[in-house]
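Some notes on the structure that comes next.
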Amino acid sequence: MKEAAGMRVLITGANGFVGPYVRDALRSVCGDGVAVAATSKDGGPHPAFGQVEELDVTDPAAVQDAIVRHRPSHVIHLAAVAALGAAQADPRNTWRIHVGGALNVANAIIDKAPGCWLVHVGSGLVYGESAKTGRPLDEGTLLAPIDDYAVTKAAADLALGALSRQGLKCVRMRPFNHTGPGQTEAFAVPAFAMQIARIEAGLAPPVIRVGNLDARRDFLDVRDIADAYARAVLNSRDLAPNSIFNVASGVSWRMGDILDRLLAWSSVKIATEQDPLRLRPSDLPCIVGDATRARTLLGWAPGHSFEDTLAAVLEDCRARVAEVPEA
Ligand SMILES: C[C@H]1O[C@H](OP(=O)(O)OP(=O)(O)OC[C@H]2O[C@@H](n3cnc4c(=O)[nH]c(N)nc43)[C@H](O)[C@@H]2O)[C@@H](O)[C@@H](O)C1=O
């Protein structure tokens with residue numbers, strides 16, 4: 001194992017869906033010697049972290065202060081508006097968080113901790129229209145984002161690329177779709193699974209409401225995504241200061257097939273109905289990523305079967321429904 005002693009990793013947006021998985025991945029990839037500081041906009045007690053420190057990434061002075069106090073060797077920048085619907089609903093806020101937040105973190109590192117690596121969590125959606133060729137998207141593919149979420153993620157990614165030419169040590173991760181226990185219903189897989197769980201519990205009529213089932217997406221288990229981020233931290237010393245890594249399976253799943261798989265695990269007969277509110281003004285037909293570079297340079301490979309992940313999400317949703325019955 002590479003030397004991880006002395007690593008101090010500060011995570012922004014740590015109380016979101018991915019944060020706790022990143023903490024676990026850092027421990028398993030870098031060992032127990034890694035110190036993790038968890039921060040998020042609201043802060044407060046957290047089941048995985050104990051306590052999360054309050055840090056609003058849109059506040060440049062607060063970000064500088066956190067960098068000075070923690071003196072991190074690495075920042076994993078997760079803070080974001082994670083769901084496309086929320087990003088679209090308030091584009092100005094999305095720009096402020098995605099672009100302003102990333103620049104605040106980068107500038108604080110440049111000014112106060114120039115040796116620190118920034119691991120930026122972008123998105124595979126930055127390739128946008130380039131996906132229409134149907135070919136797997138590698139890191140050299142033209143960025144052609146089509147919505148506010150992806151445009152702002154691409155803008156932050158490109159801005160950090162420019163700063164990395166001026167001395168910032170930065171790894172730009174571009175994760176494709178991922179899911180797992182704990183994800184909110186703003187995303188398709190838990191949206192399907194929570195509805196099934198509510199129907200099974202007798203809390204909803206046996207009709208599941210869905211959006212575009214013809215879309216095909218490249219899905220990974222969230223643990224595989226977190227593993228890639230942890231490997232970027234561990235291997236940073238050997239990376240170029242302007243590295244980019246896709247994190248993708250290379251396989252696309254039709255959303256309708258994901259739904260069918262979940263429905264097959266239910267003993268209740270459930271009908272499917274399209275909900276116009278779940279359709280997007282623009283939704284790319286098929287997205288597949290090429291993560292050859294992460295496999296080669298980070299020694300990364302997905303370790304979880306996506307069917308097992310789907311089963312785990314359904315079990316988690318059943319447990320969530322059992323815990324908090326609806327009014
Ligand atoms: C890489 C990228 O990955 C994620 O973004 P996303 O692709 O928007 O994820 P999703 O789970 O909301 O949609 C997946 C597909 O499923 C379709 N779909 C059908 N029916 C429903 C439905 O009922 N709900 C939702 N949400 N989507 C539906 C929907 O139209 C789309 O084609 C984020 O992690 C993002 O942060 C990110 O970076």
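Labeling convention for the structure tokens: chains A, B, ... as they appear, residues from 1 per chain, ligands from 1 in order of appearance.
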
Near Asp111 in chain A, within 12 Å and counting only C-alpha atoms, which residues show up once chain neighbours fewer than 5 positions away are dropped, as a list in words? Pro60, Ala61, Val63, Gln64, Asp65, Ile67, Val68, Arg71, Leu103, Asn104, Val105, Ala106, Cys116, Gly167 and Leu168 of chain A

Please, could you write that set of residues out with N, CA, C and O atoms as a short mmCIF file (atom, residue, chain, number, x, y, z; two decimals), in the first residue's frame?
```cif
data_model
loop_
_atom_site.label_atom_id
_atom_site.label_comp_id
_atom_site.auth_asym_id
_atom_site.auth_seq_id
_atom_site.Cartn_x
_atom_site.Cartn_y
_atom_site.Cartn_z
N PRO A 60 -16.33 33.01 0.65
CA PRO A 60 -14.88 32.86 0.46
C PRO A 60 -14.08 32.98 1.75
O PRO A 60 -13.09 32.25 1.95
N ALA A 61 -14.51 33.88 2.67
CA ALA A 61 -13.75 34.05 3.92
C ALA A 61 -13.85 32.79 4.78
O ALA A 61 -12.86 32.35 5.39
N VAL A 63 -14.30 29.77 3.72
CA VAL A 63 -13.52 28.70 3.09
C VAL A 63 -12.03 28.90 3.41
O VAL A 63 -11.33 27.96 3.79
N GLN A 64 -11.57 30.13 3.30
CA GLN A 64 -10.15 30.43 3.63
C GLN A 64 -9.85 30.04 5.06
O GLN A 64 -8.83 29.41 5.36
N ASP A 65 -10.77 30.41 5.96
CA ASP A 65 -10.58 30.11 7.38
C ASP A 65 -10.49 28.59 7.61
O ASP A 65 -9.62 28.11 8.35
N ILE A 67 -9.56 26.31 5.48
CA ILE A 67 -8.30 25.79 4.90
C ILE A 67 -7.12 26.11 5.84
O ILE A 67 -6.25 25.26 6.08
N VAL A 68 -7.14 27.30 6.41
CA VAL A 68 -6.06 27.68 7.34
C VAL A 68 -6.10 26.80 8.59
O VAL A 68 -5.08 26.30 9.05
N ARG A 71 -5.50 22.88 7.52
CA ARG A 71 -4.27 22.61 6.75
C ARG A 71 -4.37 21.25 6.03
O ARG A 71 -3.54 20.36 6.20
N LEU A 103 -14.47 27.74 -7.12
CA LEU A 103 -13.41 28.76 -7.20
C LEU A 103 -12.99 29.23 -5.81
O LEU A 103 -11.79 29.48 -5.57
N ASN A 104 -13.94 29.32 -4.89
CA ASN A 104 -13.56 29.70 -3.52
C ASN A 104 -12.61 28.68 -2.92
O ASN A 104 -11.62 29.03 -2.27
N VAL A 105 -12.91 27.41 -3.12
CA VAL A 105 -12.04 26.36 -2.57
C VAL A 105 -10.68 26.41 -3.25
O VAL A 105 -9.63 26.39 -2.58
N ALA A 106 -10.68 26.53 -4.57
CA ALA A 106 -9.41 26.55 -5.31
C ALA A 106 -8.56 27.75 -4.91
O ALA A 106 -7.35 27.61 -4.64
N CYS A 116 -1.71 21.64 -1.19
CA CYS A 116 -2.92 20.82 -1.05
C CYS A 116 -3.50 20.46 -2.42
O CYS A 116 -3.53 21.29 -3.33
N GLY A 167 -0.73 26.53 -11.29
CA GLY A 167 -0.13 26.04 -10.05
C GLY A 167 -1.04 25.24 -9.15
O GLY A 167 -0.58 24.57 -8.23
N LEU A 168 -2.37 25.30 -9.36
CA LEU A 168 -3.27 24.50 -8.52
C LEU A 168 -3.08 23.02 -8.82
O LEU A 168 -3.06 22.63 -9.99
#
```

Residue contacts of range 267-273 of chain A (6 Å, only C-alpha atoms) excluding same-chain residues fewer than 6 positions away, as a PyMOL selection string: chain A and resi 206-209

Sorted by chain and rising residue number, list the residues of chain A at most 7 Å from ligand 1 (counting only C-alpha atoms and all ligand atoms), each with its closest atom pair and distance in Å to one decimal, as JSON lines.
```
{"residue": "A:Ala82", "atom": "CA", "partner": "ligand 1", "partner_atom_place_in_ligand_line": "36 (O)", "distance": 4.5}
{"residue": "A:Ala83", "atom": "CA", "partner": "ligand 1", "partner_atom_place_in_ligand_line": "36 (O)", "distance": 5.4}
{"residue": "A:Leu84", "atom": "CA", "partner": "ligand 1", "partner_atom_place_in_ligand_line": "8 (O)", "distance": 5.3}
{"residue": "A:Gly122", "atom": "CA", "partner": "ligand 1", "partner_atom_place_in_ligand_line": "38 (O)", "distance": 6.8}
{"residue": "A:Ser123", "atom": "CA", "partner": "ligand 1", "partner_atom_place_in_ligand_line": "38 (O)", "distance": 4.1}
{"residue": "A:Gly124", "atom": "CA", "partner": "ligand 1", "partner_atom_place_in_ligand_line": "1 (C)", "distance": 4.9}
{"residue": "A:Leu125", "atom": "CA", "partner": "ligand 1", "partner_atom_place_in_ligand_line": "1 (C)", "distance": 5.2}
{"residue": "A:Pro175", "atom": "CA", "partner": "ligand 1", "partner_atom_place_in_ligand_line": "1 (C)", "distance": 5.8}
{"residue": "A:Phe176", "atom": "CA", "partner": "ligand 1", "partner_atom_place_in_ligand_line": "1 (C)", "distance": 3.9}
{"residue": "A:Asn177", "atom": "CA", "partner": "ligand 1", "partner_atom_place_in_ligand_line": "3 (O)", "distance": 3.8}
{"residue": "A:His178", "atom": "CA", "partner": "ligand 1", "partner_atom_place_in_ligand_line": "34 (O)", "distance": 6.0}
{"residue": "A:Ala186", "atom": "CA", "partner": "ligand 1", "partner_atom_place_in_ligand_line": "26 (N)", "distance": 5.0}
{"residue": "A:Phe187", "atom": "CA", "partner": "ligand 1", "partner_atom_place_in_ligand_line": "11 (O)", "distance": 3.7}
{"residue": "A:Ala188", "atom": "CA", "partner": "ligand 1", "partner_atom_place_in_ligand_line": "25 (C)", "distance": 3.6}
{"residue": "A:Val189", "atom": "CA", "partner": "ligand 1", "partner_atom_place_in_ligand_line": "11 (O)", "distance": 6.0}
{"residue": "A:Ala191", "atom": "CA", "partner": "ligand 1", "partner_atom_place_in_ligand_line": "23 (O)", "distance": 5.6}
{"residue": "A:Phe192", "atom": "CA", "partner": "ligand 1", "partner_atom_place_in_ligand_line": "23 (O)", "distance": 6.4}
{"residue": "A:Arg209", "atom": "CA", "partner": "ligand 1", "partner_atom_place_in_ligand_line": "23 (O)", "distance": 6.5}
{"residue": "A:Val210", "atom": "CA", "partner": "ligand 1", "partner_atom_place_in_ligand_line": "23 (O)", "distance": 4.1}
{"residue": "A:Gly211", "atom": "CA", "partner": "ligand 1", "partner_atom_place_in_ligand_line": "20 (N)", "distance": 3.3}
{"residue": "A:Asn212", "atom": "CA", "partner": "ligand 1", "partner_atom_place_in_ligand_line": "19 (C)", "distance": 4.2}
{"residue": "A:Leu213", "atom": "CA", "partner": "ligand 1", "partner_atom_place_in_ligand_line": "19 (C)", "distance": 5.1}
{"residue": "A:Ala215", "atom": "CA", "partner": "ligand 1", "partner_atom_place_in_ligand_line": "32 (O)", "distance": 4.8}
{"residue": "A:Arg216", "atom": "CA", "partner": "ligand 1", "partner_atom_place_in_ligand_line": "32 (O)", "distance": 6.7}
{"residue": "A:Arg217", "atom": "CA", "partner": "ligand 1", "partner_atom_place_in_ligand_line": "15 (C)", "distance": 6.5}
{"residue": "A:Met255", "atom": "CA", "partner": "ligand 1", "partner_atom_place_in_ligand_line": "16 (O)", "distance": 5.8}
{"residue": "A:Arg278", "atom": "CA", "partner": "ligand 1", "partner_atom_place_in_ligand_line": "23 (O)", "distance": 5.4}
{"residue": "A:Leu279", "atom": "CA", "partner": "ligand 1", "partner_atom_place_in_ligand_line": "30 (O)", "distance": 6.0}
{"residue": "A:Arg280", "atom": "CA", "partner": "ligand 1", "partner_atom_place_in_ligand_line": "30 (O)", "distance": 6.0}
{"residue": "A:Asp283", "atom": "CA", "partner": "ligand 1", "partner_atom_place_in_ligand_line": "32 (O)", "distance": 5.7}
{"residue": "A:Leu284", "atom": "CA", "partner": "ligand 1", "partner_atom_place_in_ligand_line": "32 (O)", "distance": 6.8}
```

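Going from CA of Val126 in chain A to CA of Glu54 in chain A covers 28.8 Å.
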
DSSP on the backbone: which residues in range 10-134 of chain A end up as alpha helix (DSSP H)? Give the answer as a PDB file with N, CA and C atoms, in the first residue's frame.
```
ATOM      1  N   GLY A  19     -21.045  11.583   0.834  1.00  0.00           N
ATOM      2  CA  GLY A  19     -20.048  11.864   1.868  1.00  0.00           C
ATOM      3  C   GLY A  19     -19.663  10.678   2.748  1.00  0.00           C
ATOM      4  N   PRO A  20     -20.629  10.007   3.373  1.00  0.00           N
ATOM      5  CA  PRO A  20     -20.271   8.885   4.248  1.00  0.00           C
ATOM      6  C   PRO A  20     -19.563   7.747   3.494  1.00  0.00           C
ATOM      7  N   TYR A  21     -19.930   7.554   2.237  1.00  0.00           N
ATOM      8  CA  TYR A  21     -19.264   6.509   1.445  1.00  0.00           C
ATOM      9  C   TYR A  21     -17.811   6.903   1.163  1.00  0.00           C
ATOM     10  N   VAL A  22     -17.578   8.199   0.992  1.00  0.00           N
ATOM     11  CA  VAL A  22     -16.204   8.668   0.755  1.00  0.00           C
ATOM     12  C   VAL A  22     -15.368   8.449   2.010  1.00  0.00           C
ATOM     13  N   ARG A  23     -15.950   8.727   3.159  1.00  0.00           N
ATOM     14  CA  ARG A  23     -15.221   8.495   4.421  1.00  0.00           C
ATOM     15  C   ARG A  23     -14.799   7.020   4.519  1.00  0.00           C
ATOM     16  N   ASP A  24     -15.745   6.109   4.252  1.00  0.00           N
ATOM     17  CA  ASP A  24     -15.429   4.669   4.323  1.00  0.00           C
ATOM     18  C   ASP A  24     -14.352   4.300   3.300  1.00  0.00           C
ATOM     19  N   ALA A  25     -14.464   4.858   2.098  1.00  0.00           N
ATOM     20  CA  ALA A  25     -13.496   4.526   1.044  1.00  0.00           C
ATOM     21  C   ALA A  25     -12.098   5.041   1.416  1.00  0.00           C
ATOM     22  N   LEU A  26     -12.041   6.240   2.003  1.00  0.00           N
ATOM     23  CA  LEU A  26     -10.728   6.773   2.413  1.00  0.00           C
ATOM     24  C   LEU A  26     -10.081   5.839   3.422  1.00  0.00           C
ATOM     25  N   ARG A  27     -10.888   5.352   4.383  1.00  0.00           N
ATOM     26  CA  ARG A  27     -10.345   4.436   5.390  1.00  0.00           C
ATOM     27  C   ARG A  27      -9.836   3.165   4.726  1.00  0.00           C
ATOM     28  N   SER A  28     -10.629   2.610   3.792  1.00  0.00           N
ATOM     29  CA  SER A  28     -10.212   1.319   3.243  1.00  0.00           C
ATOM     30  C   SER A  28      -9.088   1.464   2.217  1.00  0.00           C
ATOM     31  N   VAL A  29      -9.032   2.568   1.493  1.00  0.00           N
ATOM     32  CA  VAL A  29      -7.979   2.751   0.478  1.00  0.00           C
ATOM     33  C   VAL A  29      -6.699   3.339   1.090  1.00  0.00           C
ATOM     34  N   CYS A  30      -6.862   4.310   1.975  1.00  0.00           N
ATOM     35  CA  CYS A  30      -5.687   5.026   2.528  1.00  0.00           C
ATOM     36  C   CYS A  30      -5.305   4.519   3.914  1.00  0.00           C
ATOM     37  N   PRO A  60     -16.334  33.007   0.654  1.00  0.00           N
ATOM     38  CA  PRO A  60     -14.880  32.860   0.458  1.00  0.00           C
ATOM     39  C   PRO A  60     -14.078  32.978   1.752  1.00  0.00           C
ATOM     40  N   ALA A  61     -14.513  33.876   2.669  1.00  0.00           N
ATOM     41  CA  ALA A  61     -13.755  34.048   3.925  1.00  0.00           C
ATOM     42  C   ALA A  61     -13.853  32.787   4.785  1.00  0.00           C
ATOM     43  N   ALA A  62     -15.036  32.199   4.820  1.00  0.00           N
ATOM     44  CA  ALA A  62     -15.214  30.971   5.623  1.00  0.00           C
ATOM     45  C   ALA A  62     -14.381  29.833   5.040  1.00  0.00           C
ATOM     46  N   VAL A  63     -14.305  29.767   3.722  1.00  0.00           N
ATOM     47  CA  VAL A  63     -13.517  28.701   3.087  1.00  0.00           C
ATOM     48  C   VAL A  63     -12.028  28.902   3.409  1.00  0.00           C
ATOM     49  N   GLN A  64     -11.565  30.135   3.298  1.00  0.00           N
ATOM     50  CA  GLN A  64     -10.153  30.428   3.625  1.00  0.00           C
ATOM     51  C   GLN A  64      -9.851  30.037   5.065  1.00  0.00           C
ATOM     52  N   ASP A  65     -10.766  30.406   5.959  1.00  0.00           N
ATOM     53  CA  ASP A  65     -10.578  30.108   7.381  1.00  0.00           C
ATOM     54  C   ASP A  65     -10.492  28.593   7.606  1.00  0.00           C
ATOM     55  N   ALA A  66     -11.357  27.838   6.944  1.00  0.00           N
ATOM     56  CA  ALA A  66     -11.340  26.371   7.116  1.00  0.00           C
ATOM     57  C   ALA A  66     -10.030  25.780   6.594  1.00  0.00           C
ATOM     58  N   ILE A  67      -9.557  26.307   5.477  1.00  0.00           N
ATOM     59  CA  ILE A  67      -8.304  25.790   4.899  1.00  0.00           C
ATOM     60  C   ILE A  67      -7.123  26.107   5.836  1.00  0.00           C
ATOM     61  N   VAL A  68      -7.136  27.300   6.412  1.00  0.00           N
ATOM     62  CA  VAL A  68      -6.058  27.680   7.335  1.00  0.00           C
ATOM     63  C   VAL A  68      -6.100  26.799   8.589  1.00  0.00           C
ATOM     64  N   ARG A  69      -7.299  26.589   9.135  1.00  0.00           N
ATOM     65  CA  ARG A  69      -7.410  25.821  10.382  1.00  0.00           C
ATOM     66  C   ARG A  69      -7.085  24.346  10.182  1.00  0.00           C
ATOM     67  N   HIS A  70      -7.573  23.763   9.099  1.00  0.00           N
ATOM     68  CA  HIS A  70      -7.412  22.312   8.927  1.00  0.00           C
ATOM     69  C   HIS A  70      -6.096  21.942   8.233  1.00  0.00           C
ATOM     70  N   LEU A  84     -30.732  17.275 -10.804  1.00  0.00           N
ATOM     71  CA  LEU A  84     -30.926  18.143 -11.969  1.00  0.00           C
ATOM     72  C   LEU A  84     -32.132  19.063 -11.814  1.00  0.00           C
ATOM     73  N   GLY A  85     -33.206  18.538 -11.231  1.00  0.00           N
ATOM     74  CA  GLY A  85     -34.421  19.338 -11.074  1.00  0.00           C
ATOM     75  C   GLY A  85     -34.162  20.556 -10.201  1.00  0.00           C
ATOM     76  N   ALA A  86     -33.471  20.354  -9.082  1.00  0.00           N
ATOM     77  CA  ALA A  86     -33.169  21.450  -8.159  1.00  0.00           C
ATOM     78  C   ALA A  86     -32.217  22.445  -8.817  1.00  0.00           C
ATOM     79  N   ALA A  87     -31.280  21.947  -9.593  1.00  0.00           N
ATOM     80  CA  ALA A  87     -30.321  22.830 -10.270  1.00  0.00           C
ATOM     81  C   ALA A  87     -31.035  23.713 -11.280  1.00  0.00           C
ATOM     82  N   GLN A  88     -31.987  23.125 -11.973  1.00  0.00           N
ATOM     83  CA  GLN A  88     -32.751  23.831 -13.013  1.00  0.00           C
ATOM     84  C   GLN A  88     -33.706  24.850 -12.398  1.00  0.00           C
ATOM     85  N   ALA A  89     -34.203  24.525 -11.190  1.00  0.00           N
ATOM     86  CA  ALA A  89     -35.211  25.377 -10.551  1.00  0.00           C
ATOM     87  C   ALA A  89     -34.622  26.727 -10.135  1.00  0.00           C
ATOM     88  N   PRO A  91     -31.236  28.469 -11.294  1.00  0.00           N
ATOM     89  CA  PRO A  91     -29.943  28.462 -11.982  1.00  0.00           C
ATOM     90  C   PRO A  91     -28.909  29.398 -11.362  1.00  0.00           C
ATOM     91  N   ARG A  92     -29.372  30.564 -10.868  1.00  0.00           N
ATOM     92  CA  ARG A  92     -28.416  31.519 -10.295  1.00  0.00           C
ATOM     93  C   ARG A  92     -27.713  30.892  -9.079  1.00  0.00           C
ATOM     94  N   ASN A  93     -28.512  30.220  -8.264  1.00  0.00           N
ATOM     95  CA  ASN A  93     -27.954  29.548  -7.084  1.00  0.00           C
ATOM     96  C   ASN A  93     -27.021  28.402  -7.504  1.00  0.00           C
ATOM     97  N   THR A  94     -27.389  27.729  -8.580  1.00  0.00           N
ATOM     98  CA  THR A  94     -26.568  26.611  -9.061  1.00  0.00           C
ATOM     99  C   THR A  94     -25.204  27.119  -9.524  1.00  0.00           C
ATOM    100  N   TRP A  95     -25.195  28.263 -10.238  1.00  0.00           N
ATOM    101  CA  TRP A  95     -23.911  28.865 -10.648  1.00  0.00           C
ATOM    102  C   TRP A  95     -23.087  29.243  -9.424  1.00  0.00           C
ATOM    103  N   GLY A 101     -18.481  28.194  -5.634  1.00  0.00           N
ATOM    104  CA  GLY A 101     -17.971  27.332  -4.560  1.00  0.00           C
ATOM    105  C   GLY A 101     -16.636  26.697  -4.937  1.00  0.00           C
ATOM    106  N   ALA A 102     -16.554  26.161  -6.148  1.00  0.00           N
ATOM    107  CA  ALA A 102     -15.298  25.509  -6.584  1.00  0.00           C
ATOM    108  C   ALA A 102     -14.155  26.524  -6.634  1.00  0.00           C
ATOM    109  N   LEU A 103     -14.468  27.735  -7.121  1.00  0.00           N
ATOM    110  CA  LEU A 103     -13.411  28.760  -7.199  1.00  0.00           C
ATOM    111  C   LEU A 103     -12.986  29.228  -5.812  1.00  0.00           C
ATOM    112  N   ASN A 104     -13.937  29.324  -4.891  1.00  0.00           N
ATOM    113  CA  ASN A 104     -13.562  29.704  -3.519  1.00  0.00           C
ATOM    114  C   ASN A 104     -12.608  28.678  -2.918  1.00  0.00           C
ATOM    115  N   VAL A 105     -12.913  27.407  -3.121  1.00  0.00           N
ATOM    116  CA  VAL A 105     -12.042  26.356  -2.567  1.00  0.00           C
ATOM    117  C   VAL A 105     -10.676  26.414  -3.246  1.00  0.00           C
ATOM    118  N   ALA A 106     -10.682  26.527  -4.568  1.00  0.00           N
ATOM    119  CA  ALA A 106      -9.409  26.547  -5.308  1.00  0.00           C
ATOM    120  C   ALA A 106      -8.557  27.750  -4.908  1.00  0.00           C
ATOM    121  N   ASN A 107      -9.180  28.926  -4.812  1.00  0.00           N
ATOM    122  CA  ASN A 107      -8.408  30.132  -4.473  1.00  0.00           C
ATOM    123  C   ASN A 107      -7.886  30.083  -3.043  1.00  0.00           C
ATOM    124  N   ALA A 108      -8.677  29.513  -2.141  1.00  0.00           N
ATOM    125  CA  ALA A 108      -8.207  29.378  -0.751  1.00  0.00           C
ATOM    126  C   ALA A 108      -6.997  28.447  -0.702  1.00  0.00           C
ATOM    127  N   ILE A 109      -7.030  27.392  -1.490  1.00  0.00           N
ATOM    128  CA  ILE A 109      -5.893  26.469  -1.533  1.00  0.00           C
ATOM    129  C   ILE A 109      -4.659  27.189  -2.099  1.00  0.00           C
ATOM    130  N   ILE A 110      -4.856  27.890  -3.201  1.00  0.00           N
ATOM    131  CA  ILE A 110      -3.721  28.592  -3.832  1.00  0.00           C
ATOM    132  C   ILE A 110      -3.110  29.594  -2.839  1.00  0.00           C
ATOM    133  N   ASP A 111      -3.988  30.329  -2.132  1.00  0.00           N
ATOM    134  CA  ASP A 111      -3.488  31.388  -1.225  1.00  0.00           C
ATOM    135  C   ASP A 111      -2.922  30.841   0.077  1.00  0.00           C
ATOM    136  N   LYS A 112      -3.579  29.817   0.635  1.00  0.00           N
ATOM    137  CA  LYS A 112      -3.274  29.430   2.019  1.00  0.00           C
ATOM    138  C   LYS A 112      -2.635  28.053   2.175  1.00  0.00           C
TER     139      LYS A 112
END
```

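CA of Glu307 in chain A to CA of Ile244 in chain A spans 28.3 Å [interatomic distance, one decimal].
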
For range 117-231 of chain A versus range 312-326 of chain A, which residues have an atom no more than 6 Å away, and what is each residue's nearest atom pair and distance in Å rounded to one decimal, using only C-alpha atoms, chain-then-number order, as JSON lines?
```
{"residue": "A:Gly180", "atom": "CA", "partner": "A:Val313", "partner_atom": "CA", "distance": 5.4}
{"residue": "A:Pro181", "atom": "CA", "partner": "A:Val313", "partner_atom": "CA", "distance": 4.8}
{"residue": "A:Ala193", "atom": "CA", "partner": "A:Leu314", "partner_atom": "CA", "distance": 5.2}
{"residue": "A:Met194", "atom": "CA", "partner": "A:Cys317", "partner_atom": "CA", "distance": 5.2}
{"residue": "A:Ala197", "atom": "CA", "partner": "A:Arg318", "partner_atom": "CA", "distance": 4.9}
```

Residues from last step as file, N, CA and C atoms, as a tab-separated table (two decimals), in the first residue's frame:
```tsv
chain	number	residue	atom	x	y	z
A	180	GLY	N	-27.30	4.00	-4.47
A	180	GLY	CA	-27.04	3.14	-3.33
A	180	GLY	C	-27.97	3.54	-2.21
A	181	PRO	N	-27.94	2.80	-1.10
A	181	PRO	CA	-28.79	3.15	0.04
A	181	PRO	C	-28.52	4.57	0.51
A	193	ALA	N	-37.84	2.87	-6.32
A	193	ALA	CA	-37.84	1.92	-5.19
A	193	ALA	C	-38.70	2.41	-4.03
A	194	MET	N	-38.70	3.73	-3.76
A	194	MET	CA	-39.53	4.23	-2.65
A	194	MET	C	-41.01	4.05	-2.97
A	197	ALA	N	-41.85	0.50	-2.36
A	197	ALA	CA	-41.90	0.21	-0.92
A	197	ALA	C	-43.19	0.75	-0.30
```

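One finds CA of Ala38 in chain A at 6.2 Å from CA of Glu53 in chain A.
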
For Leu234 in chain A, which residue among A:His98, A:His74, A:Lys41, A:His304 is the nearest when counting only C-alpha atoms? A:His74

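Candidate residues A:Trp265, A:Phe219, A:Tyr149, A:Phe17 were compared for distance to Gly250 in chain A, and the nearest is A:Phe219, using only C-alpha atoms.
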
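Listed by chain and then by rising number, the residues of range 162-262 of chain A that DSSP assigns to strand (DSSP E) from the backbone are Lys169, Cys170, Val171, Arg172, Met173, Arg174, Pro175, Asn177, His178, Thr179, Val207, Ile208, Arg209, Val210, Arg216, Arg217, Phe219, Leu220, Asp221, Asn242, Ser243, Ile244, Phe245, Asn246, Val247, Trp253 and Arg254 of chain A.
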
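Closest approach to Pro285 in chain A among A:Gly16, A:Gly202, A:Gly134, A:Pro114 is made by A:Gly134 (distances from only C-alpha atoms).
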
Min atom-atom distance to Thr292 in chain A from the set A:Ala113, A:Phe245, A:Pro47, A:Asn235, counting only C-alpha atoms, belongs to A:Phe245
